[in-house]
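Okay, structure first, notes after.
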Number of protein chains: 4
Amino acid sequence: MRDIGIGLIGSGYIGKTHAIAYNAHNAVFGGPARPACRALAEIDQAKADREARALGFERGTGNWQDLLIADDIDVIAIATPNALHKEMAIAAIKAGKHVYIEKPLALDAPEADEIIAVHEAQNGASRLVHMLGYNYLCNPIISTVKTMLDSGELGELVHFRGRHNEDYMASPEVPFSWRCSKAAAGTGTLGDMGSHIISMAMHLAGPIVSLCGDTDIVIPSRKDQTGAMRGVENEDQAQAIVRFASGMMGFLETSRVALGKKQGLAFEIVGTKASIEFDQERMNELRLYEGGAPDGRSGFKTILVDTHCPDFSAFCPAPGHGLGYNDLKIIEVNRLMKAIVEDAPVPVDLYAARDIELVIDTWIASAAQRAWQDVGGA
Amino acid sequence: MRDIGIGLIGSGYIGKTHAIAYNAHNAVFGGPARPACRALAEIDQAKADREARALGFERGTGNWQDLLIADDIDVIAIATPNALHKEMAIAAIKAGKHVYIEKPLALDAPEADEIIAVHEAQNGASRLVHMLGYNYLCNPIISTVKTMLDSGELGELVHFRGRHNEDYMASPEVPFSWRCSKAAAGTGTLGDMGSHIISMAMHLAGPIVSLCGDTDIVIPSRKDQTGAMRGVENEDQAQAIVRFASGMMGFLETSRVALGKKQGLAFEIVGTKASIEFDQERMNELRLYEGGAPDGRSGFKTILVDTHCPDFSAFCPAPGHGLGYNDLKIIEVNRLMKAIVEDAPVPVDLYAARDIELVIDTWIASAAQRAWQDVGGA
Amino acid sequence: MRDIGIGLIGSGYIGKTHAIAYNAHNAVFGGPARPACRALAEIDQAKADREARALGFERGTGNWQDLLIADDIDVIAIATPNALHKEMAIAAIKAGKHVYIEKPLALDAPEADEIIAVHEAQNGASRLVHMLGYNYLCNPIISTVKTMLDSGELGELVHFRGRHNEDYMASPEVPFSWRCSKAAAGTGTLGDMGSHIISMAMHLAGPIVSLCGDTDIVIPSRKDQTGAMRGVENEDQAQAIVRFASGMMGFLETSRVALGKKQGLAFEIVGTKASIEFDQERMNELRLYEGGAPDGRSGFKTILVDTHCPDFSAFCPAPGHGLGYNDLKIIEVNRLMKAIVEDAPVPVDLYAARDIELVIDTWIASAAQRAWQDVGGA
Amino acid sequence: MRDIGIGLIGSGYIGKTHAIAYNAHNAVFGGPARPACRALAEIDQAKADREARALGFERGTGNWQDLLIADDIDVIAIATPNALHKEMAIAAIKAGKHVYIEKPLALDAPEADEIIAVHEAQNGASRLVHMLGYNYLCNPIISTVKTMLDSGELGELVHFRGRHNEDYMASPEVPFSWRCSKAAAGTGTLGDMGSHIISMAMHLAGPIVSLCGDTDIVIPSRKDQTGAMRGVENEDQAQAIVRFASGMMGFLETSRVALGKKQGLAFEIVGTKASIEFDQERMNELRLYEGGAPDGRSGFKTILVDTHCPDFSAFCPAPGHGLGYNDLKIIEVNRLMKAIVEDAPVPVDLYAARDIELVIDTWIASAAQRAWQDVGGA
């Protein structure tokens, strides 16, 4: 089996998730290629060496650009703060590497367009993979939902309601961080978690064509590292009413101050034949209401993940033996391997990622205008 | 104990709920007055007599105006289709009766204003009660939530998300009825169920000052009684992003085609100190997340209705022995008795009911404008 | 419509539930007869008069035996502490009245046999109704389960697991009461709540023919009214493995010290074709797992009570508009009316009630023997 | 960091779980040692080679005894059918290897004693680790429960109710397999899933000292490979009432025909200060009822796994980002590494595993006697 050399930039929260997935991938899927952990880039050589050892990489480097010129590296995986994505992605694409970029792609749609422009200039001849890390889409339950939607099992879609709410900044005691800064993070919760629920909505229900959004800063200032109060520069929560290309009505919401929510990506889809509810906090369950049940036998069914769900059997042959958050990354890595080796499509590529940025940009513009806006509209 | 004579117009769905509540009220609450079922008005004398007997009224009448001149009747209870409310309410007020009107008050805010104008002209001297039937507000769980909000137990409010969705018209086979007609019903789901969630939002979180709404007809035509297809004239579903007077962000939604929902009035309130979730389909439960729990002991608590909830002990001395939908009406009737005898405030009076109509009117105007509108704004 | 005169003994917790049900019955069911609240007996005339007024009875009496000779009373309803049931039931039967006795029938099976002996001696010629108050059986959801079982929808039954656990005596601070005394209450939790889950098990799954039980006193002494500690004389919790006449294996449990449970009557039935779960704390829901669903579409369905459930439509024409605890008593009163007027069967009569006592007696004997015992066996 | 050489016997369901865990372990935990996948033994060389490649082992062998003499192998991991455990475990112990044996340890307690005898004879001088694979015990939620119990957070324990029910043999169409044979599997569901709930009960609540059990064959015969019907030789379901050394009452149940249950290991613990509920189908949640909450604020709290739970942070720094079934094995492997390198205790060693077998043997004997039996009693 072929080795696909991985060069990973960043060993924080999501960087470690990458590492676990690369290491576990083959015992789970047995192919079609082996992600080989070649090099890990961190802010300095010492940290890079330490993390490389801990996370199972062959070597570390304090200079991420080393990865670009390494012959044994096929994929540049970017798991760094958002403001760094553009530069790194462009460099990797120019170096002729496959890119695997953690969400969100960039700080805004124009940045995303810059990356795409380089990609298009560069990739005319070759065929390099570009994939974003939107791991929630890889859940076998979500793949099942996608199948149900594509097959018409829900009938025509009537309504989509989604949110990704957490409470990691609900306390006013949480200090000011790069996430609160426009320069470093761009948007607040919209780019961080909003991008997840937007990606989910579009993955399942198609393009969003217009929306009217609202944004809100709940905790206006936080202590910075010096102990001084500093103004929060981007939204703590946001909501929007939307319309999809199909004409379907929808609602999206995101918050980093939603006290009580820990991994609160959730959605409900109403169809004319069936309805669906999903909550990432119970990621191995799908709630399904099927119209047309016999009298007195209608109700939401709680379906546990099982061997009929795509990808699940690679983990376990027994139904209901649930997957975890990290397992979603293993599936995502498998998508990457299949894209490289088998030319398979990826869940979110540069273009789809740019469309997510476009929705966010429109959301913010609409909030400023206090009116509906077309996505990408003049 | 004093008898309060009741004259009820209408013995359909909600009329029967009234009758059950009047009959059960005293065994439950033991006072402060006894709702005495004097007369029931229906469309003809035969039906009125039949229903009066079945529902425990002393007499029936085929002419609702008979109730206005009956000396033994103190309260006119109006449980008829929406388009009839204005005429009946005005007549009752002019006759010097207390009025107890099923929601929504009228077809729109101007109609509501007409009723209020008569009330103000009439009631200068006397002190007559005017109460709307928004029974969901009378749930002991909701009263508990109200207490928590008023005492600051949730801290400052951050977000309100509410819906009232049902599926009674989800099937395209459901025929065209008066509810689909603008002349007979005014709005579609907005007046029917939307008014419930708007009343709940305002009862708990205060006035809504601006909103951007959207409305949608999902099933454009239905068979009428002749078997011919007839165009549906009002919305099947509607949603709006809103702002409350407090500045809080919120979202409201209503649908009569939400496949799977049977009594889907539900809301979530995020506060800075605690968050709350409620679903009328589990009307005896409150989900409460309290910030500040010890490490590792944070979570949503499912609290069952108990003797610490207002009104509950009148039904049962044992915690968790849940109430039903009809019991909410018994509590509402008790509010009416207390208002008449003890001058106590009512949950929703004519003014609060008009404000609900105003939100609905603004919602529809906003949807047409595709922009935010101030409620009651020029 | 015919009036059925009611004479109620006892106006405590369950006595009040009776009163509410008698008052509300006709507005709900409209027949087949009207329970007329004639007289209420309490411990003295003053209390009787006060409660009669509050609960809607025509008159009160400080002497329950007055009810026996009143011509306008057809039914003697007994809602007194257990130790009084035998004397009152026998007197009522001898007086030629219908009897409606709150559970449990008596302190033990021999007492129950005494009552039955009088009934058989007395009732040779006449046809008087004898009905026990096991109100949980009257839930439309339970009636639906019964229908499913009778029709074979679950296939052959494989396992029954039931409990009725509450926590009203979980705190050691709860004082010694008559419930802790063998003379006054007989058993502890077995007669109080155990009888409910035994009645449910036998109602749904047929006779219990053998069992091995265990009992336990968790809090050995409690303060009595004088402040002195007094030894608790009967079980705080009990459990038993059982076999039904069908051969099916089962498990029953009851506790009055199960911290966290408020109305914890719950059961699970496994069948070869479908399985069921029910919890009285969510009394309007039935969880149903149907074998034979398409691949990937299997799961427990949460079915809300609806118009297809027996008795439900009398309360409300809208699905999911849940019933409350008190509504079960209204249905039970309707069963009584139907039994008297239409000769319909009752959910639990004297014989079925005696069989429940027999299971309890066997349970206690088995615990003493530390071995299986046949129910009613030598 | 030190490598610990692993020799794994068996690459079926649970063998693959081992392999995933060995590969992922270091990226997750970063130490204290690296499980190095040296050799995989399977039934023949070809299958061994194929699986070794797929699962990340250096080499394969068709002869498991090769592992015993390999110098680079420190641990023999046994993931084979139950009837093979004894021979392999004894051989491994005699060869001076650490042993890591999948549950159940053996076919019965006498077999377990044979293994222990060899261990004691062999291990006088050296200090070799012996650990059983009871992975459910490694859940961070379960570790949290254990901490709560040990610290007295639940007060005195009042009742334990546990079950491990699944439905993988609920259909009569499931063919006769080695699991139905006494010679190959020993017991039926008792050894398979019963051992899990027994291990959980004893891990959390201490030794079981007496019990009265019952067993049942629900589907008496199944088709074998030839298509002929063959009698099932061991129990499809079993239940027992038990007493723990503390005096606490308990109930245990297991079934392989419990239609609807997929990974139905669940338990409830009632204490005098708090109560707990857990269900492996929602393995990232703990339900906790704390006595002593303020009036009207009591309820079961749903706590999501978080960074305060032991081991969780190694997987993810964000609360509520749930673990999966396979992750439990990664934690178990970490226990093994810590036992070998740091002399830390293991969750279940040979002695604890033998005690589990003893409970099973007593259960079966008690069912035959139809009476309580002391565990390990004469």
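Residue names in the structure tokens use chain letters A, B, ... in the order shown, residue numbers from 1 in each chain, and ligand numbers from 1 in the order shown.
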
Could you list, as a PDB file with N, CA and C atoms, in the first residue's frame, every residue of chain B that has an atom within 9 Å of an atom of chain A, counting only C-alpha atoms?
```pdb
ATOM      1  N   VAL B 158     -29.744  36.713  27.394  1.00  0.00           N
ATOM      2  CA  VAL B 158     -28.839  36.775  26.242  1.00  0.00           C
ATOM      3  C   VAL B 158     -29.543  36.405  24.941  1.00  0.00           C
ATOM      4  N   HIS B 159     -30.419  35.416  25.011  1.00  0.00           N
ATOM      5  CA  HIS B 159     -31.085  34.963  23.782  1.00  0.00           C
ATOM      6  C   HIS B 159     -32.375  34.241  24.114  1.00  0.00           C
ATOM      7  N   ALA B 170     -49.896  19.319   7.644  1.00  0.00           N
ATOM      8  CA  ALA B 170     -48.726  18.862   6.885  1.00  0.00           C
ATOM      9  C   ALA B 170     -49.116  18.033   5.667  1.00  0.00           C
ATOM     10  N   SER B 171     -50.156  17.297   5.785  1.00  0.00           N
ATOM     11  CA  SER B 171     -50.566  16.487   4.652  1.00  0.00           C
ATOM     12  C   SER B 171     -51.293  17.343   3.625  1.00  0.00           C
ATOM     13  N   PRO B 172     -50.928  17.232   2.350  1.00  0.00           N
ATOM     14  CA  PRO B 172     -51.652  17.961   1.305  1.00  0.00           C
ATOM     15  C   PRO B 172     -53.104  17.485   1.179  1.00  0.00           C
ATOM     16  N   CYS B 212     -37.443  41.179  11.878  1.00  0.00           N
ATOM     17  CA  CYS B 212     -37.440  40.930  10.438  1.00  0.00           C
ATOM     18  C   CYS B 212     -38.020  39.548  10.207  1.00  0.00           C
ATOM     19  N   GLY B 213     -39.156  39.507   9.535  1.00  0.00           N
ATOM     20  CA  GLY B 213     -39.875  38.258   9.413  1.00  0.00           C
ATOM     21  C   GLY B 213     -39.940  37.723   7.997  1.00  0.00           C
ATOM     22  N   ASP B 214     -40.323  36.474   7.904  1.00  0.00           N
ATOM     23  CA  ASP B 214     -40.504  35.828   6.608  1.00  0.00           C
ATOM     24  C   ASP B 214     -41.718  34.907   6.730  1.00  0.00           C
ATOM     25  N   THR B 215     -42.450  34.752   5.653  1.00  0.00           N
ATOM     26  CA  THR B 215     -43.606  33.852   5.673  1.00  0.00           C
ATOM     27  C   THR B 215     -43.586  33.008   4.410  1.00  0.00           C
ATOM     28  N   ASP B 216     -44.313  31.911   4.443  1.00  0.00           N
ATOM     29  CA  ASP B 216     -44.185  30.918   3.377  1.00  0.00           C
ATOM     30  C   ASP B 216     -45.461  30.084   3.281  1.00  0.00           C
ATOM     31  N   VAL B 218     -46.473  26.615   1.918  1.00  0.00           N
ATOM     32  CA  VAL B 218     -45.799  25.377   1.501  1.00  0.00           C
ATOM     33  C   VAL B 218     -46.676  24.561   0.575  1.00  0.00           C
ATOM     34  N   GLN B 237     -46.083  28.567   7.223  1.00  0.00           N
ATOM     35  CA  GLN B 237     -45.003  28.681   8.205  1.00  0.00           C
ATOM     36  C   GLN B 237     -44.453  30.103   8.140  1.00  0.00           C
ATOM     37  N   ALA B 238     -43.812  30.504   9.242  1.00  0.00           N
ATOM     38  CA  ALA B 238     -43.284  31.864   9.334  1.00  0.00           C
ATOM     39  C   ALA B 238     -42.164  31.864  10.358  1.00  0.00           C
ATOM     40  N   GLN B 239     -41.185  32.721  10.137  1.00  0.00           N
ATOM     41  CA  GLN B 239     -40.096  32.841  11.100  1.00  0.00           C
ATOM     42  C   GLN B 239     -39.648  34.294  11.141  1.00  0.00           C
ATOM     43  N   ALA B 240     -39.052  34.682  12.255  1.00  0.00           N
ATOM     44  CA  ALA B 240     -38.592  36.065  12.390  1.00  0.00           C
ATOM     45  C   ALA B 240     -37.427  36.136  13.361  1.00  0.00           C
ATOM     46  N   ILE B 241     -36.451  36.960  13.023  1.00  0.00           N
ATOM     47  CA  ILE B 241     -35.459  37.351  14.009  1.00  0.00           C
ATOM     48  C   ILE B 241     -35.964  38.637  14.645  1.00  0.00           C
ATOM     49  N   MET B 248     -32.160  42.306  23.960  1.00  0.00           N
ATOM     50  CA  MET B 248     -31.888  40.894  23.707  1.00  0.00           C
ATOM     51  C   MET B 248     -32.322  40.464  22.305  1.00  0.00           C
ATOM     52  N   MET B 249     -31.495  39.615  21.739  1.00  0.00           N
ATOM     53  CA  MET B 249     -31.744  39.009  20.443  1.00  0.00           C
ATOM     54  C   MET B 249     -32.687  37.816  20.607  1.00  0.00           C
ATOM     55  N   GLY B 250     -33.521  37.588  19.611  1.00  0.00           N
ATOM     56  CA  GLY B 250     -34.399  36.437  19.702  1.00  0.00           C
ATOM     57  C   GLY B 250     -34.821  35.922  18.349  1.00  0.00           C
ATOM     58  N   PHE B 251     -35.421  34.742  18.367  1.00  0.00           N
ATOM     59  CA  PHE B 251     -35.911  34.110  17.136  1.00  0.00           C
ATOM     60  C   PHE B 251     -37.250  33.474  17.434  1.00  0.00           C
ATOM     61  N   VAL B 257     -47.222  22.978   9.316  1.00  0.00           N
ATOM     62  CA  VAL B 257     -46.835  21.864   8.415  1.00  0.00           C
ATOM     63  C   VAL B 257     -45.512  21.239   8.858  1.00  0.00           C
ATOM     64  N   ALA B 258     -45.217  21.335  10.164  1.00  0.00           N
ATOM     65  CA  ALA B 258     -43.942  20.816  10.667  1.00  0.00           C
ATOM     66  C   ALA B 258     -44.091  19.349  11.026  1.00  0.00           C
ATOM     67  N   LEU B 259     -43.945  18.518  10.038  1.00  0.00           N
ATOM     68  CA  LEU B 259     -44.204  17.084  10.183  1.00  0.00           C
ATOM     69  C   LEU B 259     -43.520  16.519  11.431  1.00  0.00           C
ATOM     70  N   GLY B 260     -44.315  15.938  12.307  1.00  0.00           N
ATOM     71  CA  GLY B 260     -43.772  15.305  13.501  1.00  0.00           C
ATOM     72  C   GLY B 260     -44.100  16.038  14.793  1.00  0.00           C
ATOM     73  N   LYS B 261     -44.424  17.309  14.693  1.00  0.00           N
ATOM     74  CA  LYS B 261     -44.721  18.079  15.900  1.00  0.00           C
ATOM     75  C   LYS B 261     -46.227  18.059  16.167  1.00  0.00           C
ATOM     76  N   VAL B 270     -31.368  31.736  27.052  1.00  0.00           N
ATOM     77  CA  VAL B 270     -29.992  31.760  27.546  1.00  0.00           C
ATOM     78  C   VAL B 270     -29.831  33.001  28.417  1.00  0.00           C
ATOM     79  N   GLY B 271     -29.332  32.815  29.607  1.00  0.00           N
ATOM     80  CA  GLY B 271     -29.008  33.938  30.474  1.00  0.00           C
ATOM     81  C   GLY B 271     -27.534  33.919  30.826  1.00  0.00           C
ATOM     82  N   THR B 272     -27.102  34.946  31.503  1.00  0.00           N
ATOM     83  CA  THR B 272     -25.685  34.963  31.887  1.00  0.00           C
ATOM     84  C   THR B 272     -25.411  34.072  33.096  1.00  0.00           C
ATOM     85  N   LYS B 273     -26.447  33.750  33.877  1.00  0.00           N
ATOM     86  CA  LYS B 273     -26.243  32.902  35.055  1.00  0.00           C
ATOM     87  C   LYS B 273     -26.841  31.506  34.902  1.00  0.00           C
ATOM     88  N   ALA B 274     -27.844  31.382  34.084  1.00  0.00           N
ATOM     89  CA  ALA B 274     -28.500  30.081  33.907  1.00  0.00           C
ATOM     90  C   ALA B 274     -29.238  30.093  32.585  1.00  0.00           C
ATOM     91  N   SER B 275     -29.518  28.917  32.071  1.00  0.00           N
ATOM     92  CA  SER B 275     -30.279  28.780  30.830  1.00  0.00           C
ATOM     93  C   SER B 275     -31.431  27.816  31.067  1.00  0.00           C
ATOM     94  N   LEU B 288     -33.032  23.029  33.191  1.00  0.00           N
ATOM     95  CA  LEU B 288     -32.338  24.185  33.763  1.00  0.00           C
ATOM     96  C   LEU B 288     -30.840  23.905  33.837  1.00  0.00           C
ATOM     97  N   TYR B 289     -30.070  24.789  33.254  1.00  0.00           N
ATOM     98  CA  TYR B 289     -28.612  24.700  33.387  1.00  0.00           C
ATOM     99  C   TYR B 289     -28.163  25.860  34.255  1.00  0.00           C
ATOM    100  N   GLU B 290     -27.564  25.539  35.368  1.00  0.00           N
ATOM    101  CA  GLU B 290     -27.111  26.573  36.299  1.00  0.00           C
ATOM    102  C   GLU B 290     -25.607  26.766  36.154  1.00  0.00           C
ATOM    103  N   GLY B 291     -25.198  27.966  35.816  1.00  0.00           N
ATOM    104  CA  GLY B 291     -23.773  28.269  35.825  1.00  0.00           C
ATOM    105  C   GLY B 291     -23.267  28.172  37.249  1.00  0.00           C
ATOM    106  N   SER B 298     -21.658  20.163  36.054  1.00  0.00           N
ATOM    107  CA  SER B 298     -22.537  21.039  35.287  1.00  0.00           C
ATOM    108  C   SER B 298     -23.354  20.225  34.296  1.00  0.00           C
ATOM    109  N   GLY B 299     -24.603  20.580  34.159  1.00  0.00           N
ATOM    110  CA  GLY B 299     -25.433  19.901  33.169  1.00  0.00           C
ATOM    111  C   GLY B 299     -26.849  20.417  33.250  1.00  0.00           C
ATOM    112  N   PHE B 300     -27.612  20.159  32.203  1.00  0.00           N
ATOM    113  CA  PHE B 300     -29.022  20.527  32.242  1.00  0.00           C
ATOM    114  C   PHE B 300     -29.750  19.570  33.183  1.00  0.00           C
ATOM    115  N   GLN B 369     -41.596  43.719   2.963  1.00  0.00           N
ATOM    116  CA  GLN B 369     -40.543  44.721   2.741  1.00  0.00           C
ATOM    117  C   GLN B 369     -39.153  44.105   2.630  1.00  0.00           C
ATOM    118  N   ARG B 370     -39.004  42.883   3.073  1.00  0.00           N
ATOM    119  CA  ARG B 370     -37.698  42.210   3.154  1.00  0.00           C
ATOM    120  C   ARG B 370     -36.701  43.047   3.969  1.00  0.00           C
ATOM    121  N   ALA B 371     -37.148  43.569   5.090  1.00  0.00           N
ATOM    122  CA  ALA B 371     -36.272  44.375   5.953  1.00  0.00           C
ATOM    123  C   ALA B 371     -36.831  44.405   7.372  1.00  0.00           C
ATOM    124  N   TRP B 372     -35.980  44.785   8.307  1.00  0.00           N
ATOM    125  CA  TRP B 372     -36.405  44.964   9.695  1.00  0.00           C
ATOM    126  C   TRP B 372     -37.475  46.056   9.775  1.00  0.00           C
ATOM    127  N   GLN B 373     -38.388  45.899  10.724  1.00  0.00           N
ATOM    128  CA  GLN B 373     -39.379  46.927  11.003  1.00  0.00           C
ATOM    129  C   GLN B 373     -39.516  47.080  12.510  1.00  0.00           C
TER     130      GLN B 373
END
```

Distance query region 340-353 of chain C at most 6 Å, only C-alpha atoms, self and fewer than 5 positions along chain excluded, as a PyMOL selection string: chain C and resi 130-132

Using only N, CA and C atoms, please write the residues we just selected to a file, as an mmCIF file, in the first residue's frame.
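Saved file selection-v1.cif follows:
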```cif
data_model
loop_
_atom_site.group_PDB
_atom_site.id
_atom_site.type_symbol
_atom_site.label_atom_id
_atom_site.label_comp_id
_atom_site.auth_asym_id
_atom_site.auth_seq_id
_atom_site.Cartn_x
_atom_site.Cartn_y
_atom_site.Cartn_z
ATOM 1 N N HIS C 130 -68.048 -3.980 41.810
ATOM 2 C CA HIS C 130 -66.931 -3.815 42.760
ATOM 3 C C HIS C 130 -65.693 -3.471 41.943
ATOM 4 N N MET C 131 -65.176 -2.307 42.228
ATOM 5 C CA MET C 131 -64.063 -1.798 41.430
ATOM 6 C C MET C 131 -63.004 -1.184 42.340
ATOM 7 N N LEU C 132 -61.774 -1.473 42.037
ATOM 8 C CA LEU C 132 -60.657 -0.905 42.790
ATOM 9 C C LEU C 132 -60.095 0.301 42.059
#
```

Please return as an NGL selection string: the residues of region 64-266 of chain C that backbone DSSP assigns to helix (DSSP H, G or I). :C and (64-69 or 82-94 or 109-122 or 135-138 or 140-150 or 178-180 or 182-185 or 189-205)

Non-local contacts of Ile331 (chain D) (8 Å; only C-alpha atoms; under 2 positions in same chain excluded) as an MDAnalysis selection string: chainID D and resid 25 138:139 311 327:329 333:335

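Of the residues in region 51-149 of chain D, those that DSSP places in strand (DSSP E) on the basis of the backbone are D:Arg59, D:Gly60, D:Thr61, D:Val75, D:Ile76, D:Ala77, D:Ile78, D:His98, D:Val99, D:Tyr100, D:Ile101, D:Glu102, D:His130, D:Met131, D:Leu132, D:Gly133.
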
With a distance cut-off of 7 Å and only C-alpha atoms, select the neighbouring residues of region 193-197 of chain B, excluding the residue or stretch itself and same-chain residues fewer than 3 positions from it, and output the selection as a PyMOL selection string. chain B and resi 104+134+162-164+189-190+200-201+254+265+356
